[in-house]
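Reading through the structure tokens given below for one structure.
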Amino acid sequence: MIKKTLARALCSALLLAPAMSSAQMLAMANYESKPGQLPRKEGIAILDVDPASPQFGHIVQDLPLPPDAVAHHIFYNKDISKAYITALGKGPLRVIDMKKTSYDIQTLDVPQCEVAEDMAFSSDKKTWYLTCMGSSNVIVGDAQTDQVKQVISAHDKDKFIRYPHGIGLNEEVNRLMVTSTVRASDLGDAGETVTVIDASNGQVLSTHKVASKPSPSGSSPVEAVFLPHATPPLAYVNTMFEGKLWTATWQSTTHRFDFAPAFDFSSIKQGVPLEIYFNQEHDKLFVTTANPGALNIFDISQSTHTPTLIKSIPTAGGAHHVVFSPDEKYAFVQNSFLNLPDMDDGSISVIDLQKMEKVHSIDTLKTLGYKPNCILMLPPWHIDDVH
């Protein structure tokens, strides 16, 4: 049944080239089989996510990936000419030339990287940065040639990069911020720190504890995301196991960041905060929580340091990545986190941001027995200026 359904989707893909321009809203989601499901399959499904479209929820193109890639996240470079796919398994980094309609997926050679996680890109389109949780490295690459330029690794006890996952770049102060999350093999040995790096030369400058409990707290900072145009520069950091949102505020006199807790998700009975997003006006903050699964919307227009919760909207287990419609009427939440129990729903929730409620569930991949790991709008509909 699965093969027949995918065959029909692939037949539809033959008509995609002339229909692409008339499709109202397309997103791509990389997916994988459930644990133990054989034969194992991975791919990238391009779906129509427009609730008003007759093809709503349909797969219009299916791009195959190696079954042992364990593809994880997808990122665009600054001019959205390339899409980079990080992977936890074989071949840590892949790239798609988005200027071509064929969407061929090429593997990049990054031998110093094991368990590739997050990426950041310089505004001059010359450099990318890649965190490698398995090899405890941050890779600096040439964004034009995709060749490795530098490997950042620090093992000094006071400036230690361990299990790097989230990465944020602020070029105003020339700083990278990298989170220490968990051991990739079993999600154990959780970290509790954020490391600050000089973005121009790769020098590891400082490491900061981000946890309220005594060490070893196991707070597991997971994402570090800078708020665009904040004065002074400010990043949000979420702690996956501690369940809190933190701020990191630049101090111009000391050239360092001060870290402080900003919100405790246990106060609303939410856990495992994962991804951080902003609206186009940058006056609202969105944070997903995987257990039990929700999109949390905060007002940061009055204070960036003390976000005010507007609403926590239930989605489904494993709420993870989010994309928005260009008019910001809808948010689309991908619900699956590493195929973990109770956090592996496999659906994509459609949130009406005017009604502040879930209005649809795209169950296409879930019905086929697959779990989406990430979601990203195709270039014509992409409006995220942070990720």
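Letters A, B, ... go to the chains of the structure tokens in the order shown; residues in each chain start at 1; ligands are counted from 1 in the same order.
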Residues of stretch 332-368 of chain A in helix (DSSP H, G or I), written as a ChimeraX atom specification: /A:364-367
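In this comparison, which uses only C-alpha atoms, the residue of A:Lys358, A:Lys125, A:Lys371, A:Lys90 approaching A:Tyr330 most closely is A:Lys358.
The shell of residues at most 12 Å from A:Ala262, with only C-alpha atoms counted and near chain neighbours (fewer than 3 positions) removed, consists of A:Val210, A:Ala211, A:Ser212, A:Ala235, A:Tyr236, A:Val237, A:Asn238, A:Thr239, A:Gly243, A:Lys244, A:Leu245, A:Trp246, A:Thr247, A:Ala248, A:Thr249, A:Phe259, A:Phe265, A:Phe298, A:Ile300, A:Ser303, A:Thr304, A:His305, A:Thr306, A:Pro307, A:Thr308, A:Leu309.
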For A:Ile268, the nearest of the candidates A:Asn373, A:Ser312, A:Ser180, A:Thr288, counting only C-alpha atoms: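 For A:Ile268, the nearest of the given residues is A:Ser312.
Among A:Ser347, A:Asn77, A:Asn170, A:Gln334, the residue with the shortest atom-to-atom distance to A:Ile375, counting only C-alpha atoms, is A:Gln334.
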All residues 12 Å or closer to A:Gly188, only C-alpha atoms, same chain fewer than 4 positions away omitted, as a list in words: Tyr163, Ser180, Thr181, Val182, Arg183, Ala184, Gly218, Ser219, Ser220 and Phe241 of chain A
For the selection you just gave me, I'd like the residues written to a file as a compact mmCIF listing (two decimals), in the first residue's frame, keeping N, CA and C atoms.
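And here's part01.txt as it stands now:
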# COMPACT_ATOMS: atom_id res chain seq x y z
N TYR A 163 29.68 18.08 22.66
CA TYR A 163 28.38 17.77 22.06
C TYR A 163 27.70 19.03 21.50
N SER A 180 26.03 23.12 24.34
CA SER A 180 26.49 21.78 24.67
C SER A 180 25.26 20.97 25.08
N THR A 181 24.91 19.96 24.28
CA THR A 181 23.60 19.33 24.46
C THR A 181 23.71 17.94 25.08
N VAL A 182 23.79 16.89 24.29
CA VAL A 182 23.84 15.53 24.82
C VAL A 182 24.77 14.66 23.97
N ARG A 183 25.19 13.55 24.54
CA ARG A 183 25.94 12.56 23.77
C ARG A 183 25.00 11.97 22.72
N ALA A 184 25.44 11.96 21.49
CA ALA A 184 24.57 11.60 20.38
C ALA A 184 24.14 10.14 20.42
N GLY A 218 22.81 18.77 34.01
CA GLY A 218 22.18 18.07 32.89
C GLY A 218 21.08 18.88 32.24
N SER A 219 21.20 20.20 32.24
CA SER A 219 20.13 21.05 31.70
C SER A 219 19.97 20.88 30.19
N SER A 220 21.05 20.58 29.49
CA SER A 220 21.06 20.31 28.05
C SER A 220 20.56 21.49 27.22
N PHE A 241 16.38 19.63 28.84
CA PHE A 241 16.02 18.80 29.99
C PHE A 241 15.59 19.61 31.20
